[in-house]
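Undergrad: Input structure: work-v2.pdb, which contains PDB, C-alpha atoms.
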MODEL        1
ATOM      1  CA  MET A  26     -57.077  46.758-128.434
ATOM      2  CA  GLY A  27     -56.276  43.714-126.282
ATOM      3  CA  GLU A  28     -58.132  43.115-123.047
ATOM      4  CA  LYS A  29     -56.255  43.795-119.871
ATOM      5  CA  SER A  30     -56.325  41.253-117.044
ATOM      6  CA  PRO A  31     -58.438  42.434-114.143
ATOM      7  CA  PRO A  32     -56.216  43.850-111.364
ATOM      8  CA  ARG A  33     -57.538  41.277-108.887
ATOM      9  CA  ARG A  34     -56.456  38.376-111.134
ATOM     10  CA  VAL A  35     -53.026  39.909-111.696
ATOM     11  CA  ARG A  36     -52.653  40.342-107.938
ATOM     12  CA  ALA A  37     -53.705  36.715-107.310
ATOM     13  CA  ASP A  38     -51.193  35.500-109.923
ATOM     14  CA  ALA A  39     -48.454  37.580-108.299
ATOM     15  CA  GLU A  40     -49.329  36.171-104.861
ATOM     16  CA  ARG A  41     -49.191  32.609-106.212
ATOM     17  CA  SER A  42     -45.807  33.281-107.824
ATOM     18  CA  THR A  43     -44.486  34.795-104.604
ATOM     19  CA  ALA A  44     -45.701  31.786-102.605
ATOM     20  CA  ARG A  45     -43.994  29.413-105.081
ATOM     21  CA  ILE A  46     -40.766  31.375-104.822
ATOM     22  CA  LEU A  47     -40.816  31.336-101.022
ATOM     23  CA  GLU A  48     -41.565  27.598-100.886
ATOM     24  CA  ALA A  49     -38.762  26.885-103.356
ATOM     25  CA  ALA A  50     -36.391  29.181-101.449
ATOM     26  CA  GLU A  51     -37.111  27.339 -98.216
ATOM     27  CA  THR A  52     -36.251  23.991 -99.818
ATOM     28  CA  VAL A  53     -33.247  25.157-101.837
ATOM     29  CA  LEU A  54     -31.687  27.233 -99.044
ATOM     30  CA  ALA A  55     -32.145  24.442 -96.498
ATOM     31  CA  ALA A  56     -29.995  22.269 -98.769
ATOM     32  CA  ASP A  57     -27.541  25.048 -99.728
ATOM     33  CA  ALA A  58     -27.629  28.282 -97.744
ATOM     34  CA  THR A  59     -25.532  29.996-100.436
ATOM     35  CA  ALA A  60     -27.932  29.205-103.306
ATOM     36  CA  SER A  61     -28.553  32.039-105.761
ATOM     37  CA  LEU A  62     -31.847  33.634-106.775
ATOM     38  CA  GLU A  63     -31.381  31.911-110.131
ATOM     39  CA  GLN A  64     -31.262  28.476-108.480
ATOM     40  CA  ILE A  65     -34.393  29.357-106.523
ATOM     41  CA  ALA A  66     -36.147  30.489-109.727
ATOM     42  CA  ASP A  67     -35.269  27.171-111.374
ATOM     43  CA  ALA A  68     -36.607  25.211-108.395
ATOM     44  CA  ALA A  69     -39.809  27.267-108.407
ATOM     45  CA  GLY A  70     -40.277  26.622-112.135
ATOM     46  CA  LEU A  71     -40.447  30.341-112.821
ATOM     47  CA  ALA A  72     -38.530  32.688-115.077
ATOM     48  CA  ARG A  73     -35.578  34.298-113.372
ATOM     49  CA  ALA A  74     -36.993  37.695-114.296
ATOM     50  CA  THR A  75     -40.141  36.858-112.303
ATOM     51  CA  VAL A  76     -38.089  36.148-109.179
ATOM     52  CA  HIS A  77     -36.081  39.341-109.655
ATOM     53  CA  ARG A  78     -39.325  41.316-110.092
ATOM     54  CA  ARG A  79     -40.676  39.988-106.781
ATOM     55  CA  PHE A  80     -37.366  40.156-104.895
ATOM     56  CA  THR A  81     -34.812  42.704-106.017
ATOM     57  CA  SER A  82     -32.051  41.065-103.977
ATOM     58  CA  ARG A  83     -31.215  38.010-101.944
ATOM     59  CA  ALA A  84     -31.594  40.144 -98.797
ATOM     60  CA  ALA A  85     -35.168  41.039 -99.816
ATOM     61  CA  LEU A  86     -35.959  37.347-100.248
ATOM     62  CA  LEU A  87     -34.509  36.509 -96.820
ATOM     63  CA  ASP A  88     -36.576  39.335 -95.303
ATOM     64  CA  ALA A  89     -39.698  37.869 -96.909
ATOM     65  CA  LEU A  90     -38.899  34.397 -95.543
ATOM     66  CA  ALA A  91     -38.391  35.858 -92.056
ATOM     67  CA  GLU A  92     -41.629  37.846 -92.289
ATOM     68  CA  ARG A  93     -43.604  34.801 -93.407
ATOM     69  CA  LEU A  94     -42.237  32.737 -90.513
ATOM     70  CA  SER A  95     -42.906  35.584 -88.084
ATOM     71  CA  GLN A  96     -46.553  35.630 -89.171
ATOM     72  CA  ARG A  97     -46.727  31.875 -88.604
ATOM     73  CA  TYR A  98     -45.203  32.284 -85.140
ATOM     74  CA  LEU A  99     -47.841  34.897 -84.337
ATOM     75  CA  GLY A 100     -50.548  32.593 -85.682
ATOM     76  CA  GLY A 101     -49.170  29.816 -83.488
ATOM     77  CA  LEU A 102     -49.223  32.010 -80.392
ATOM     78  CA  ALA A 103     -52.844  32.919 -81.152
ATOM     79  CA  GLU A 104     -53.748  29.278 -81.789
ATOM     80  CA  ALA A 105     -52.122  28.261 -78.484
ATOM     81  CA  ARG A 106     -54.136  31.033 -76.797
ATOM     82  CA  VAL A 107     -51.185  32.244 -74.737
ATOM     83  CA  LYS A 108     -53.324  35.069 -73.332
ATOM     84  CA  THR A 109     -56.241  32.953 -72.119
ATOM     85  CA  ALA A 110     -55.534  29.198 -72.038
ATOM     86  CA  PRO A 111     -54.186  27.597 -68.870
ATOM     87  CA  PRO A 112     -50.462  28.458 -69.143
ATOM     88  CA  LEU A 113     -49.153  24.870 -68.989
ATOM     89  CA  ILE A 114     -51.487  23.852 -71.789
ATOM     90  CA  ALA A 115     -50.470  26.930 -73.810
ATOM     91  CA  LEU A 116     -46.768  26.100 -73.285
ATOM     92  CA  HIS A 117     -47.304  22.555 -74.523
ATOM     93  CA  ARG A 118     -49.303  23.752 -77.560
ATOM     94  CA  VAL A 119     -46.751  26.467 -78.438
ATOM     95  CA  THR A 120     -44.025  23.831 -78.274
ATOM     96  CA  GLU A 121     -45.959  21.518 -80.624
ATOM     97  CA  ILE A 122     -46.476  24.368 -83.081
ATOM     98  CA  VAL A 123     -42.833  25.486 -82.986
ATOM     99  CA  PHE A 124     -41.591  21.944 -83.616
ATOM    100  CA  ASP A 125     -43.911  21.775 -86.605
ATOM    101  CA  LEU A 126     -42.596  25.119 -87.886
ATOM    102  CA  LYS A 127     -39.018  23.878 -87.471
ATOM    103  CA  LEU A 128     -39.839  20.967 -89.778
ATOM    104  CA  CYS A 129     -41.605  23.130 -92.387
ATOM    105  CA  HIS A 130     -39.146  26.045 -92.316
ATOM    106  CA  ARG A 131     -35.759  24.362 -92.005
ATOM    107  CA  PHE A 132     -33.950  27.383 -93.423
ATOM    108  CA  ALA A 133     -36.034  30.351 -92.218
ATOM    109  CA  ILE A 134     -36.060  29.041 -88.649
ATOM    110  CA  GLN A 135     -32.392  30.131 -88.485
ATOM    111  CA  LEU A 136     -33.277  33.748 -89.306
ATOM    112  CA  SER A 137     -33.324  35.747 -86.100
ATOM    113  CA  ALA A 138     -35.364  38.436 -87.890
ATOM    114  CA  ALA A 139     -38.373  36.070 -87.694
ATOM    115  CA  LEU A 140     -38.398  36.535 -83.919
ATOM    116  CA  THR A 141     -39.974  39.981 -84.088
ATOM    117  CA  PRO A 142     -40.778  42.015 -80.959
ATOM    118  CA  GLU A 143     -44.415  40.845 -81.266
ATOM    119  CA  VAL A 144     -43.347  37.178 -81.217
ATOM    120  CA  LEU A 145     -41.002  37.752 -78.272
ATOM    121  CA  ASP A 146     -43.741  39.646 -76.405
ATOM    122  CA  GLY A 147     -46.106  36.701 -76.895
ATOM    123  CA  LEU A 148     -43.570  34.279 -75.438
ATOM    124  CA  ASP A 149     -42.783  36.662 -72.580
ATOM    125  CA  LEU A 150     -46.484  36.904 -71.765
ATOM    126  CA  LEU A 151     -46.702  33.115 -71.614
ATOM    127  CA  PHE A 152     -43.770  32.895 -69.196
ATOM    128  CA  ALA A 153     -45.176  35.724 -67.059
ATOM    129  CA  ARG A 154     -48.448  33.779 -66.824
ATOM    130  CA  LEU A 155     -46.556  30.580 -65.936
ATOM    131  CA  ARG A 156     -44.829  32.517 -63.135
ATOM    132  CA  ASP A 157     -48.082  34.097 -61.933
ATOM    133  CA  THR A 158     -49.750  30.679 -61.627
ATOM    134  CA  GLY A 159     -46.770  29.195 -59.781
ATOM    135  CA  ALA A 160     -45.763  26.793 -62.562
ATOM    136  CA  ILE A 161     -42.274  28.369 -62.512
ATOM    137  CA  THR A 162     -40.451  30.574 -60.011
ATOM    138  CA  ALA A 163     -38.102  32.466 -62.362
ATOM    139  CA  VAL A 164     -39.222  36.082 -62.313
ATOM    140  CA  ASP A 165     -37.887  37.547 -65.584
ATOM    141  CA  PRO A 166     -40.010  36.483 -68.582
ATOM    142  CA  ALA A 167     -37.292  37.535 -71.068
ATOM    143  CA  TRP A 168     -34.775  35.259 -69.327
ATOM    144  CA  CYS A 169     -37.325  32.424 -69.305
ATOM    145  CA  ARG A 170     -37.871  32.877 -73.032
ATOM    146  CA  GLN A 171     -34.114  32.800 -73.710
ATOM    147  CA  VAL A 172     -33.775  29.560 -71.719
ATOM    148  CA  TYR A 173     -36.734  28.055 -73.582
ATOM    149  CA  LEU A 174     -35.373  28.992 -77.019
ATOM    150  CA  ALA A 175     -31.889  27.668 -76.180
ATOM    151  CA  LEU A 176     -33.354  24.392 -74.919
ATOM    152  CA  LEU A 177     -35.636  24.237 -77.958
ATOM    153  CA  HIS A 178     -32.635  24.261 -80.261
ATOM    154  CA  GLU A 179     -30.787  21.607 -78.256
ATOM    155  CA  VAL A 180     -33.800  19.297 -77.937
ATOM    156  CA  HIS A 181     -34.650  19.667 -81.623
ATOM    157  CA  GLU A 182     -31.101  18.594 -82.562
ATOM    158  CA  LEU A 183     -31.276  15.366 -80.515
ATOM    159  CA  PRO A 184     -31.231  12.264 -82.718
ATOM    160  CA  ALA A 185     -34.420  10.195 -82.566
ATOM    161  CA  GLU A 186     -32.528   7.283 -81.000
ATOM    162  CA  SER A 187     -31.114   9.403 -78.143
ATOM    163  CA  PRO A 188     -31.639   7.729 -74.755
ATOM    164  CA  THR A 189     -32.644  11.171 -73.478
ATOM    165  CA  LEU A 190     -35.841  10.805 -75.512
ATOM    166  CA  THR A 191     -36.915   7.477 -74.120
ATOM    167  CA  SER A 192     -40.344   8.203 -72.776
ATOM    168  CA  PRO A 193     -42.757   5.467 -71.733
ATOM    169  CA  ALA A 194     -45.637   7.763 -72.633
ATOM    170  CA  THR A 195     -44.876   7.881 -76.351
ATOM    171  CA  ALA A 196     -42.935   6.059 -79.041
ATOM    172  CA  ASP A 197     -43.052   9.083 -81.377
ATOM    173  CA  ALA A 198     -39.735  11.006 -81.432
ATOM    174  CA  THR A 199     -41.370  14.412 -81.975
ATOM    175  CA  GLU A 200     -43.819  13.874 -79.104
ATOM    176  CA  ALA A 201     -40.910  12.741 -76.934
ATOM    177  CA  LYS A 202     -38.998  15.916 -77.837
ATOM    178  CA  ILE A 203     -41.996  18.101 -77.014
ATOM    179  CA  ASP A 204     -42.427  16.355 -73.665
ATOM    180  CA  LEU A 205     -38.693  16.645 -72.901
ATOM    181  CA  LEU A 206     -38.596  20.345 -73.791
ATOM    182  CA  VAL A 207     -41.629  21.218 -71.662
ATOM    183  CA  ARG A 208     -40.383  19.224 -68.655
ATOM    184  CA  THR A 209     -36.813  20.529 -68.939
ATOM    185  CA  THR A 210     -37.954  24.142 -69.354
ATOM    186  CA  LEU A 211     -40.204  23.938 -66.308
ATOM    187  CA  GLY A 212     -37.437  22.322 -64.256
ATOM    188  CA  ALA A 213     -34.835  24.871 -65.380
ATOM    189  CA  LEU A 214     -37.129  27.741 -64.456
ATOM    190  CA  GLY A 215     -37.883  26.517 -60.964
ATOM    191  CA  GLY A 216     -41.066  24.627 -61.675
ATOM    192  CA  SER A 217     -42.047  21.145 -60.650
ATOM    193  CA  HIS A 218     -40.215  18.461 -62.628
ATOM    194  CA  GLY A 219     -43.428  16.468 -62.599
ATOM    195  CA  ALA A 220     -45.580  19.274 -64.009
ATOM    196  CA  THR A 221     -47.338  18.292 -67.191
ATOM    197  CA  ALA A 222     -49.464  20.102 -69.698
TER     198      ALA A 222
ENDMDL
END
If you convert what's in this file into structure tokens, what do you get?
TA:
Amino acid sequence: MGEKSPPRRVRADAERSTARILEAAETVLAADATASLEQIADAAGLARATVHRRFTSRAALLDALAERLSQRYLGGLAEARVKTAPPLIALHRVTEIVFDLKLCHRFAIQLSAALTPEVLDGLDLLFARLRDTGAITAVDPAWCRQVYLALLHEVHELPAESPTLTSPATADATEAKIDLLVRTTLGALGGSHGATA
């Protein structure tokens, strides 16, 4: 009788395969949003049957990508300490983290399913705290969050050479975008244009 692999090792192998599939999917789908599971399997260097075992359909794979990004959003909100850090500092840190996620998850960032109620609640809490400390005057945290997310998209899409990004404080385009987003959000929501994190 052959020896069976210990369940823990099988589970670890399955987790590694799943991670490889999700990483490959992120890359392949960012280049071609219509790519098939077979193309993703090829990019992951795995048998197509392995991908189909892990994800029975394209929709299941997209759900997994959204869930993974949602967990990273939640981790980012925790890292930024939106519940306890000074709100302006938390806003700046959340913005840094989200820009980083946009770079790492070029495809999944488009999936609205990643913005789960828990993620939205975390952002709403941050904007409620900004209002309570007088950093902004807008009273509805959900509206503040919608403004922030809309501005986030627009600022992220700015080309690095945009004159809008010229900031004497930094020569780095990403830092300039973060600074612009924070300042513009605060201004749009009735805060001081000069407020900084």
Undergrad: Expand the PyMOL selection byres ((chain A and resi 66-68) around 10) into the explicit residue set it covers here, and present it as a PyMOL selection string.
TA: chain A and resi 45-50+52-53+61-65+69-77
Undergrad: Given the file above and the PyMOL selection byres ((chain A and resi 111) around 12), which residues are selected, and can you give them as number ranges by chain?
TA: A: 105-110, 112-118, 151-152, 154-155, 157-160, 221-222
Undergrad: What would the selection look like, as a VMD selection string, if the PyMOL selection byres ((chain A and resi 139-145) around 9) were run on the coordinates I just shared?
TA: chain A and resid 88 90 to 96 98 to 99 102 133 to 138 146 to 150 167 170
Undergrad: When you count only C-alpha atoms, which of these residues is closest to Val164 in chain A: A:Ala37, A:Leu214, A:His181, A:Leu206?
TA: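 Among A:Ala37, A:Leu214, A:His181, A:Leu206, it is A:Leu214 that comes nearest to Val164 in chain A.
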Undergrad: Let me have the centre and edge lengths in Å, one decimal, of the box along x, y and z around every listed atom of range 40-55 of chain A with 6 Å of margin on each side, as lines of an AutoDock Vina configuration file.
TA:
center_x = -40.5
center_y = 30.1
center_z = -102.2
size_x = 29.6
size_y = 24.2
size_z = 23.3
Undergrad: For CA of Leu126 in chain A and CA of Thr209 in chain A, quote the distance in Å rounded to one decimal.
TA: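 Between CA of Leu126 in chain A and CA of Thr209 in chain A the gap works out to 20.3 Å.
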Undergrad: May I ask for the distance between CA of Leu190 in chain A and CA of His178 in chain A, given in Å to one decimal place?
TA: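 Going from CA of Leu190 in chain A over to CA of His178 in chain A, I get 14.6 Å.
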Undergrad: To one decimal place in Å, what is the distance between CA of Gly100 in chain A and CA of Val119 in chain A?
TA: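 These atoms are spaced 10.2 Å apart.
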Undergrad: Might you pull out every residue within 9 Å of Gly216 in chain A, with only C-alpha atoms counted and same-chain residues fewer than 3 positions away left off, and present them as JSON, numbers by chain?
TA: {"A": [156, 159, 160, 161, 162, 163, 208, 210, 211, 212, 213, 219, 220]}
